[in-house]
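Working notes for the structure below.
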Amino acid sequence: MNIKIDVNLKSPGLMAAILALAEALPKVNLATGISSVVEDTVRVKEIEPKVEEVTKEKEVKEKKERVVENTIALEEVRKVLATKSKNGKQAEVKELIKRYGVNKLTDIHPCNYKELLELAEVL
């Protein structure tokens, strides 16, 4: 009985365990069990990621970090608008929110928060 299995893994530890099992299986004496298998040293060739892949991953990570840094949180916008509402600008705050075609602050897309804050500061 021959079984052929092709496995492509990026985890060297898991790959080493699978290779060790694959090498040990032919040596198993089913009458005495797996404990009688002679332990062999298994050499695993680690898969080196391609330079292009690493560079792309790094660029994506940096871009995400920049977006997070420039993103204004909903809580910040809510705090400013709540302050304006409490200071007698409730109608103006509602009008600002409606400019974005919605009725609730939470329905405004986060990419518009910066602009919304700038408009709110003018009130």
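Labels for the structure tokens follow display order: chains A, B, ..., residues from 1 in each chain, ligands from 1.
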
All residues 12 Å or closer to Glu76 of chain A, only C-alpha atoms, same chain fewer than 2 positions away omitted, as a PyMOL selection string: chain A and resi 71-74+78-83+105+110+113-114+116-117+120

Would you mind telling me which residue in A:Gln90, A:Glu59, A:Ala22, A:Arg99 lies nearest to Ile3 of chain A when using only C-alpha atoms? A:Ala22

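The closest residue to Glu115 of chain A, picked from A:Ile18, A:Tyr100, A:Ser85, A:Met1 and counting only C-alpha atoms, is A:Tyr100.
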
Point out the residue among A:Leu19, A:Val102, A:Leu25, A:Ile97 with the least atom-to-atom distance to Asn2 of chain A, counting only C-alpha atoms.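 Counting only C-alpha atoms, the residue closest to Asn2 of chain A is A:Leu25.
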
For atom CA of Val77 of chain A and atom CA of Asn112 of chain A, the interatomic separation in Å (one decimal): 10.3 Å
